[in-house]
Amino acid sequence: MRNFALSTILSFIVISSIFFHTSVMSMASVTKPRFVTNRMCPFAQKAWIALELSRVNYEFKEISLYGPNGKPNWFWDLNPQGTVPVLDCGDEICADSDLILDRIPQGLVDGGEKLLPSASSVKKKVASWRRNINEMLPIGKRAVLGGDKLQLFKKLEKMDAMVEAPYLCGNEVTVADCHAFPFLWRLNTEFDLGATCPNLQKWLHYCEANNPAFSKTVQSSWWWWW
């Protein structure tokens with residue numbers, strides 16, 4: 001009887017241990033990335049588009065950035081810089097939109113790898129688009145604020161010739177589309193790029209009309225990038 005009782009107890013301990021381990025693993029597996037953002041920010045929008053395209057299950061947490069109901073204390077703990085977006089994946093926190101776009105295709109979230117095809121030729125095109133957009137931002141700011149628009153349109157016309165269609169780098173949507181869309185969408189709203197940059201405008205319309213990952217992020221009220 002004693003041996004039977006001891007055997008029963010040991011079996012219970014083993015089964016309990018397996019159940020606990022399985023439960024912990026299950027809880028870990030359902031932990032969702034948390035995306036802290038503001039819908040009106042273009043830098044946050046480009047990361048938002050990438051998350052939508054990856055189709056990962058994530059938590060969307062919007063915060064106010066200004067006014068009496070501005071950034072909560074927990075957000076300053078998460079990102080002392082005080083900027084959005086922030087992608088909190090538990091063991092890694094990315095508090096910069098460019099970094100988020102770097103890390104999502106590297107496997108930071110499930111499904112992100114498809115946003116940067118393995119072909120070196122495509123990777124070079126993606127890098128070129130991202131570089132050109134970042135170079136354009138200060139030029140675009142000056143133009144919108146009443147400065148010289150000629151420099152902006154020279155830059156945009158150069159990018160217009162780079163469009164391969166239907167997406168910026170060809171048939172597949174990539175990080176380049178995520179990176180460019182918020183900024184070029186705003187410029188098209190301000191200047192109507194159809195006459196000078198028809199390829200860029202067609203691309204914008206295609207993204208918004210054919211891919212809900214883009215249209216979902218478009219807001220009726222929005223900010224510029226300054």
# chains A, B, ... in the order shown; residues from 1 in each chain; ligands from 1

$ select_by_dssp --residues "stretch 16-219 of chain A" --states "helix (DSSP H, G or I)" --output "ChimeraX atom specification"
/A:16-29,42-54,73-78,97-108,112-115,120-144,150-160,175-191,198-210,212-215

$ residues_around --residues "stretch 116-120 of chain A" --least-positions-apart "4" --cutoff "8 Å" --atoms "only C-alpha atoms" --output "PyMOL selection string"
chain A and resi 105+124+126+174-175

$ closest_atom_pairs --of "stretch 93-201 of chain A" --to "stretch 70-87 of chain A" --cutoff "12 Å" --atoms "only C-alpha atoms" --output "tab-separated table"
residue	atom	partner	partner_atom	distance
A:Ile93	CA	A:Leu87	CA	5.8
A:Cys94	CA	A:Leu87	CA	5.1
A:Ala95	CA	A:Val86	CA	4.3
A:Asp96	CA	A:Pro85	CA	6.3
A:Ser97	CA	A:Pro85	CA	6.1
A:Asp98	CA	A:Pro85	CA	9.9
A:Leu99	CA	A:Leu87	CA	9.7
A:Ile100	CA	A:Leu87	CA	7.1
A:Leu101	CA	A:Leu87	CA	10.4
A:Arg103	CA	A:Leu87	CA	10.1
A:Ile104	CA	A:Leu87	CA	9.9
A:Leu108	CA	A:Leu87	CA	9.8
A:Val109	CA	A:Leu87	CA	10.0

$ write_last_selection --atoms "all heavy atoms" --output "mmCIF file, in the first residue's frame"
data_model
loop_
_atom_site.group_PDB
_atom_site.id
_atom_site.type_symbol
_atom_site.label_atom_id
_atom_site.label_comp_id
_atom_site.auth_asym_id
_atom_site.auth_seq_id
_atom_site.Cartn_x
_atom_site.Cartn_y
_atom_site.Cartn_z
ATOM 1 N N ILE A 93 12.344 46.294 -27.035
ATOM 2 C CA ILE A 93 11.531 47.496 -27.211
ATOM 3 C C ILE A 93 12.187 48.365 -28.278
ATOM 4 O O ILE A 93 13.351 48.746 -28.142
ATOM 5 C CB ILE A 93 11.396 48.287 -25.897
ATOM 6 C CG1 ILE A 93 10.662 47.446 -24.847
ATOM 7 C CG2 ILE A 93 10.661 49.606 -26.127
ATOM 8 C CD1 ILE A 93 10.626 48.082 -23.478
ATOM 9 N N CYS A 94 11.449 48.663 -29.332
ATOM 10 C CA CYS A 94 11.936 49.536 -30.403
ATOM 11 C C CYS A 94 11.208 50.870 -30.306
ATOM 12 O O CYS A 94 9.982 50.913 -30.430
ATOM 13 C CB CYS A 94 11.686 48.906 -31.770
ATOM 14 S SG CYS A 94 12.584 47.373 -32.052
ATOM 15 N N ALA A 95 11.956 51.941 -30.091
ATOM 16 C CA ALA A 95 11.353 53.252 -29.884
ATOM 17 C C ALA A 95 11.736 54.224 -30.991
ATOM 18 O O ALA A 95 11.954 55.412 -30.750
ATOM 19 C CB ALA A 95 11.765 53.805 -28.520
ATOM 20 N N ASP A 96 11.791 53.721 -32.214
ATOM 21 C CA ASP A 96 12.134 54.559 -33.358
ATOM 22 C C ASP A 96 11.502 53.936 -34.595
ATOM 23 O O ASP A 96 11.599 52.713 -34.797
ATOM 24 C CB ASP A 96 13.658 54.638 -33.516
ATOM 25 C CG ASP A 96 14.071 55.394 -34.764
ATOM 26 O OD1 ASP A 96 14.099 56.630 -34.736
ATOM 27 O OD2 ASP A 96 14.350 54.722 -35.787
ATOM 28 N N SER A 97 10.856 54.752 -35.431
ATOM 29 C CA SER A 97 10.116 54.201 -36.572
ATOM 30 C C SER A 97 11.034 53.522 -37.584
ATOM 31 O O SER A 97 10.683 52.473 -38.148
ATOM 32 C CB SER A 97 9.295 55.307 -37.254
ATOM 33 O OG SER A 97 10.128 56.336 -37.757
ATOM 34 N N ASP A 98 12.208 54.088 -37.828
ATOM 35 C CA ASP A 98 13.142 53.448 -38.763
ATOM 36 C C ASP A 98 13.639 52.105 -38.215
ATOM 37 O O ASP A 98 13.760 51.127 -38.953
ATOM 38 C CB ASP A 98 14.332 54.367 -39.056
ATOM 39 C CG ASP A 98 14.028 55.389 -40.139
ATOM 40 O OD1 ASP A 98 13.122 55.147 -40.954
ATOM 41 O OD2 ASP A 98 14.689 56.440 -40.164
ATOM 42 N N LEU A 99 13.908 52.088 -36.910
ATOM 43 C CA LEU A 99 14.360 50.843 -36.286
ATOM 44 C C LEU A 99 13.263 49.776 -36.358
ATOM 45 O O LEU A 99 13.541 48.608 -36.624
ATOM 46 C CB LEU A 99 14.757 51.098 -34.832
ATOM 47 C CG LEU A 99 15.197 49.867 -34.031
ATOM 48 C CD1 LEU A 99 16.406 49.197 -34.672
ATOM 49 C CD2 LEU A 99 15.498 50.262 -32.582
ATOM 50 N N ILE A 100 12.025 50.189 -36.137
ATOM 51 C CA ILE A 100 10.907 49.237 -36.223
ATOM 52 C C ILE A 100 10.833 48.650 -37.631
ATOM 53 O O ILE A 100 10.648 47.441 -37.805
ATOM 54 C CB ILE A 100 9.581 49.927 -35.839
ATOM 55 C CG1 ILE A 100 9.582 50.277 -34.344
ATOM 56 C CG2 ILE A 100 8.388 49.025 -36.154
ATOM 57 C CD1 ILE A 100 8.410 51.127 -33.904
ATOM 58 N N LEU A 101 10.998 49.501 -38.647
ATOM 59 C CA LEU A 101 10.955 49.000 -40.025
ATOM 60 C C LEU A 101 12.165 48.132 -40.353
ATOM 61 O O LEU A 101 12.093 47.280 -41.240
ATOM 62 C CB LEU A 101 10.866 50.157 -41.019
ATOM 63 C CG LEU A 101 9.520 50.872 -41.125
ATOM 64 C CD1 LEU A 101 9.488 51.753 -42.373
ATOM 65 C CD2 LEU A 101 8.355 49.899 -41.170
ATOM 66 N N ARG A 103 13.539 46.092 -38.007
ATOM 67 C CA ARG A 103 13.423 44.876 -37.213
ATOM 68 C C ARG A 103 12.244 43.987 -37.618
ATOM 69 O O ARG A 103 12.329 42.767 -37.489
ATOM 70 C CB ARG A 103 13.319 45.236 -35.718
ATOM 71 C CG ARG A 103 14.592 45.830 -35.136
ATOM 72 C CD ARG A 103 15.704 44.808 -35.058
ATOM 73 N NE ARG A 103 15.401 43.780 -34.044
ATOM 74 C CZ ARG A 103 15.300 42.485 -34.292
ATOM 75 N NH1 ARG A 103 15.506 42.015 -35.522
ATOM 76 N NH2 ARG A 103 15.014 41.626 -33.330
ATOM 77 N N ILE A 104 11.158 44.584 -38.091
ATOM 78 C CA ILE A 104 9.997 43.761 -38.457
ATOM 79 C C ILE A 104 10.364 42.735 -39.539
ATOM 80 O O ILE A 104 10.055 41.543 -39.395
ATOM 81 C CB ILE A 104 8.805 44.644 -38.881
ATOM 82 C CG1 ILE A 104 8.156 45.265 -37.634
ATOM 83 C CG2 ILE A 104 7.768 43.842 -39.664
ATOM 84 C CD1 ILE A 104 6.982 46.172 -37.920
ATOM 85 N N LEU A 108 11.164 40.244 -35.987
ATOM 86 C CA LEU A 108 10.749 40.720 -34.663
ATOM 87 C C LEU A 108 9.298 40.343 -34.387
ATOM 88 O O LEU A 108 8.931 40.029 -33.255
ATOM 89 C CB LEU A 108 10.928 42.236 -34.560
ATOM 90 C CG LEU A 108 10.547 42.873 -33.221
ATOM 91 C CD1 LEU A 108 11.402 42.318 -32.090
ATOM 92 C CD2 LEU A 108 10.681 44.396 -33.283
ATOM 93 N N VAL A 109 8.457 40.374 -35.418
ATOM 94 C CA VAL A 109 7.072 39.916 -35.284
ATOM 95 C C VAL A 109 6.796 38.868 -36.360
ATOM 96 O O VAL A 109 7.419 38.880 -37.427
ATOM 97 C CB VAL A 109 6.054 41.075 -35.409
ATOM 98 C CG1 VAL A 109 6.298 42.133 -34.348
ATOM 99 C CG2 VAL A 109 6.089 41.701 -36.801
#

$ residues_around --residues "A:Trp203" --least-positions-apart "5" --cutoff "10 Å" --atoms "only C-alpha atoms" --output "ChimeraX atom specification"
/A:160,163-168,177,181,185,198,208-209

$ write_last_selection --atoms "N, CA and C atoms" --output "mmCIF file, in the first residue's frame"
data_model
loop_
_atom_site.group_PDB
_atom_site.id
_atom_site.type_symbol
_atom_site.label_atom_id
_atom_site.label_comp_id
_atom_site.auth_asym_id
_atom_site.auth_seq_id
_atom_site.Cartn_x
_atom_site.Cartn_y
_atom_site.Cartn_z
ATOM 1 N N ASP A 160 9.682 59.622 -58.834
ATOM 2 C CA ASP A 160 8.618 59.197 -59.740
ATOM 3 C C ASP A 160 9.158 58.238 -60.798
ATOM 4 N N VAL A 163 9.546 54.432 -59.625
ATOM 5 C CA VAL A 163 8.388 53.576 -59.341
ATOM 6 C C VAL A 163 8.305 52.445 -60.364
ATOM 7 N N GLU A 164 8.200 51.207 -59.898
ATOM 8 C CA GLU A 164 8.129 50.062 -60.808
ATOM 9 C C GLU A 164 6.704 49.562 -61.016
ATOM 10 N N ALA A 165 5.824 49.789 -60.054
ATOM 11 C CA ALA A 165 4.392 49.481 -60.124
ATOM 12 C C ALA A 165 4.119 47.970 -60.096
ATOM 13 N N PRO A 166 3.059 47.560 -59.447
ATOM 14 C CA PRO A 166 2.096 48.432 -58.780
ATOM 15 C C PRO A 166 2.615 49.017 -57.475
ATOM 16 N N TYR A 167 3.600 48.331 -56.847
ATOM 17 C CA TYR A 167 4.248 48.883 -55.664
ATOM 18 C C TYR A 167 5.578 49.516 -56.064
ATOM 19 N N LEU A 168 6.218 50.158 -55.127
ATOM 20 C CA LEU A 168 7.416 50.929 -55.458
ATOM 21 C C LEU A 168 8.526 50.065 -56.044
ATOM 22 N N ASP A 177 7.370 50.666 -49.365
ATOM 23 C CA ASP A 177 6.015 51.221 -49.445
ATOM 24 C C ASP A 177 5.550 51.720 -48.084
ATOM 25 N N PHE A 181 4.771 55.827 -47.867
ATOM 26 C CA PHE A 181 3.359 56.177 -48.014
ATOM 27 C C PHE A 181 2.904 57.370 -47.167
ATOM 28 N N TRP A 185 1.778 60.648 -49.267
ATOM 29 C CA TRP A 185 0.331 60.856 -49.193
ATOM 30 C C TRP A 185 0.024 62.282 -48.751
ATOM 31 N N PRO A 198 3.050 61.492 -61.931
ATOM 32 C CA PRO A 198 1.889 60.605 -62.109
ATOM 33 C C PRO A 198 2.101 59.200 -61.562
ATOM 34 N N GLU A 208 -3.998 52.660 -51.494
ATOM 35 C CA GLU A 208 -5.174 52.988 -50.693
ATOM 36 C C GLU A 208 -6.404 52.213 -51.143
ATOM 37 N N ALA A 209 -6.513 51.973 -52.439
ATOM 38 C CA ALA A 209 -7.705 51.311 -52.975
ATOM 39 C C ALA A 209 -7.626 49.784 -52.892
#

$ closest_residue --among "A:Ile139, A:Glu59, A:Gly90, A:Glu52" --to "A:Leu115" --atoms "only C-alpha atoms"
A:Glu52

$ residues_around --residues "A:Asn38" --least-positions-apart "4" --cutoff "8 Å" --atoms "only C-alpha atoms" --output "list in words"
Ala44, Glu62, Ile63, Ser64, Leu65, Val84 and Pro85 of chain A

$ write_last_selection --atoms "N, CA and C atoms" --output "tab-separated table (two decimals), in the first residue's frame"
chain	number	residue	atom	x	y	z
A	44	ALA	N	4.77	57.25	-36.99
A	44	ALA	CA	4.05	56.12	-36.42
A	44	ALA	C	3.26	55.38	-37.48
A	62	GLU	N	-3.14	53.73	-28.25
A	62	GLU	CA	-2.96	55.12	-28.67
A	62	GLU	C	-2.86	56.02	-27.45
A	63	ILE	N	-1.94	56.97	-27.50
A	63	ILE	CA	-1.79	57.93	-26.42
A	63	ILE	C	-1.85	59.35	-26.98
A	64	SER	N	-2.27	60.28	-26.14
A	64	SER	CA	-2.20	61.69	-26.49
A	64	SER	C	-0.77	62.16	-26.30
A	65	LEU	N	-0.35	63.08	-27.15
A	65	LEU	CA	1.03	63.57	-27.06
A	65	LEU	C	1.12	64.97	-26.48
A	84	VAL	N	6.73	58.76	-30.30
A	84	VAL	CA	6.06	57.59	-30.87
A	84	VAL	C	6.55	57.41	-32.29
A	85	PRO	N	6.49	56.17	-32.80
A	85	PRO	CA	5.91	54.98	-32.20
A	85	PRO	C	6.90	54.24	-31.32

$ residues_around --residues "A:Trp129" --least-positions-apart "2" --cutoff "9 Å" --atoms "only C-alpha atoms" --output "VMD selection string"
chain A and resid 124 to 127 131 to 134 159 162 168 to 169 176 to 177 179 to 180

$ write_last_selection --atoms "N, CA, C and O atoms" --output "PDB file, in the first residue's frame"
ATOM      1  N   LYS A 124      18.386  46.392 -52.362  1.00  0.00           N
ATOM      2  CA  LYS A 124      19.023  47.659 -52.757  1.00  0.00           C
ATOM      3  C   LYS A 124      17.975  48.710 -53.127  1.00  0.00           C
ATOM      4  O   LYS A 124      18.102  49.885 -52.791  1.00  0.00           O
ATOM      5  N   LYS A 125      16.915  48.274 -53.802  1.00  0.00           N
ATOM      6  CA  LYS A 125      15.838  49.198 -54.166  1.00  0.00           C
ATOM      7  C   LYS A 125      15.117  49.721 -52.927  1.00  0.00           C
ATOM      8  O   LYS A 125      14.818  50.916 -52.827  1.00  0.00           O
ATOM      9  N   VAL A 126      14.860  48.827 -51.991  1.00  0.00           N
ATOM     10  CA  VAL A 126      14.208  49.234 -50.751  1.00  0.00           C
ATOM     11  C   VAL A 126      15.069  50.255 -50.007  1.00  0.00           C
ATOM     12  O   VAL A 126      14.570  51.294 -49.540  1.00  0.00           O
ATOM     13  N   ALA A 127      16.367  49.975 -49.896  1.00  0.00           N
ATOM     14  CA  ALA A 127      17.272  50.888 -49.208  1.00  0.00           C
ATOM     15  C   ALA A 127      17.325  52.241 -49.910  1.00  0.00           C
ATOM     16  O   ALA A 127      17.361  53.297 -49.252  1.00  0.00           O
ATOM     17  N   ARG A 131      16.188  55.812 -48.223  1.00  0.00           N
ATOM     18  CA  ARG A 131      17.155  56.904 -48.168  1.00  0.00           C
ATOM     19  C   ARG A 131      16.592  58.157 -48.842  1.00  0.00           C
ATOM     20  O   ARG A 131      16.704  59.270 -48.318  1.00  0.00           O
ATOM     21  N   ASN A 132      15.967  57.993 -50.005  1.00  0.00           N
ATOM     22  CA  ASN A 132      15.423  59.133 -50.731  1.00  0.00           C
ATOM     23  C   ASN A 132      14.287  59.812 -49.968  1.00  0.00           C
ATOM     24  O   ASN A 132      14.178  61.040 -49.969  1.00  0.00           O
ATOM     25  N   ILE A 133      13.446  59.010 -49.326  1.00  0.00           N
ATOM     26  CA  ILE A 133      12.358  59.604 -48.537  1.00  0.00           C
ATOM     27  C   ILE A 133      12.922  60.414 -47.374  1.00  0.00           C
ATOM     28  O   ILE A 133      12.490  61.552 -47.123  1.00  0.00           O
ATOM     29  N   ASN A 134      13.895  59.866 -46.668  1.00  0.00           N
ATOM     30  CA  ASN A 134      14.476  60.587 -45.539  1.00  0.00           C
ATOM     31  C   ASN A 134      15.170  61.868 -45.992  1.00  0.00           C
ATOM     32  O   ASN A 134      15.122  62.889 -45.294  1.00  0.00           O
ATOM     33  N   MET A 159      12.106  60.448 -57.834  1.00  0.00           N
ATOM     34  CA  MET A 159      11.471  59.272 -57.243  1.00  0.00           C
ATOM     35  C   MET A 159      10.356  58.740 -58.136  1.00  0.00           C
ATOM     36  O   MET A 159      10.130  57.525 -58.202  1.00  0.00           O
ATOM     37  N   MET A 162      11.499  56.197 -60.377  1.00  0.00           N
ATOM     38  CA  MET A 162      11.935  54.958 -59.727  1.00  0.00           C
ATOM     39  C   MET A 162      10.785  53.968 -59.514  1.00  0.00           C
ATOM     40  O   MET A 162      11.026  52.794 -59.229  1.00  0.00           O
ATOM     41  N   LEU A 168       6.218  50.158 -55.127  1.00  0.00           N
ATOM     42  CA  LEU A 168       7.416  50.929 -55.458  1.00  0.00           C
ATOM     43  C   LEU A 168       8.526  50.065 -56.044  1.00  0.00           C
ATOM     44  O   LEU A 168       9.256  50.506 -56.938  1.00  0.00           O
ATOM     45  N   CYS A 169       8.652  48.831 -55.549  1.00  0.00           N
ATOM     46  CA  CYS A 169       9.729  47.956 -56.017  1.00  0.00           C
ATOM     47  C   CYS A 169       9.223  46.821 -56.902  1.00  0.00           C
ATOM     48  O   CYS A 169       9.942  45.838 -57.132  1.00  0.00           O
ATOM     49  N   ALA A 176       9.685  49.483 -48.288  1.00  0.00           N
ATOM     50  CA  ALA A 176       9.769  50.766 -48.992  1.00  0.00           C
ATOM     51  C   ALA A 176       8.407  51.439 -49.078  1.00  0.00           C
ATOM     52  O   ALA A 176       8.283  52.662 -48.883  1.00  0.00           O
ATOM     53  N   ASP A 177       7.370  50.666 -49.365  1.00  0.00           N
ATOM     54  CA  ASP A 177       6.015  51.221 -49.445  1.00  0.00           C
ATOM     55  C   ASP A 177       5.550  51.720 -48.084  1.00  0.00           C
ATOM     56  O   ASP A 177       4.930  52.790 -47.989  1.00  0.00           O
ATOM     57  N   HIS A 179       7.432  52.791 -45.678  1.00  0.00           N
ATOM     58  CA  HIS A 179       8.243  53.955 -45.335  1.00  0.00           C
ATOM     59  C   HIS A 179       7.774  55.210 -46.073  1.00  0.00           C
ATOM     60  O   HIS A 179       7.715  56.296 -45.494  1.00  0.00           O
ATOM     61  N   ALA A 180       7.427  55.056 -47.329  1.00  0.00           N
ATOM     62  CA  ALA A 180       7.144  56.227 -48.168  1.00  0.00           C
ATOM     63  C   ALA A 180       5.706  56.725 -48.070  1.00  0.00           C
ATOM     64  O   ALA A 180       5.455  57.934 -48.197  1.00  0.00           O
TER      65      ALA A 180
END

$ residues_around --residues "stretch 145-151 of chain A" --least-positions-apart "5" --cutoff "12 Å" --atoms "only C-alpha atoms" --output "list in words"
Glu135, Met136, Leu137, Pro138, Ile139, Gly140, Leu156, Glu157, Lys158, Leu187, Glu190, Phe191, Thr196, Trp224, Trp225 and Trp226 of chain A

$ residues_around --residues "A:Lys46" --least-positions-apart "2" --cutoff "7 Å" --atoms "only C-alpha atoms" --output "JSON, numbers by chain"
{"A": [42, 43, 44, 48, 49, 50, 178, 179, 182]}
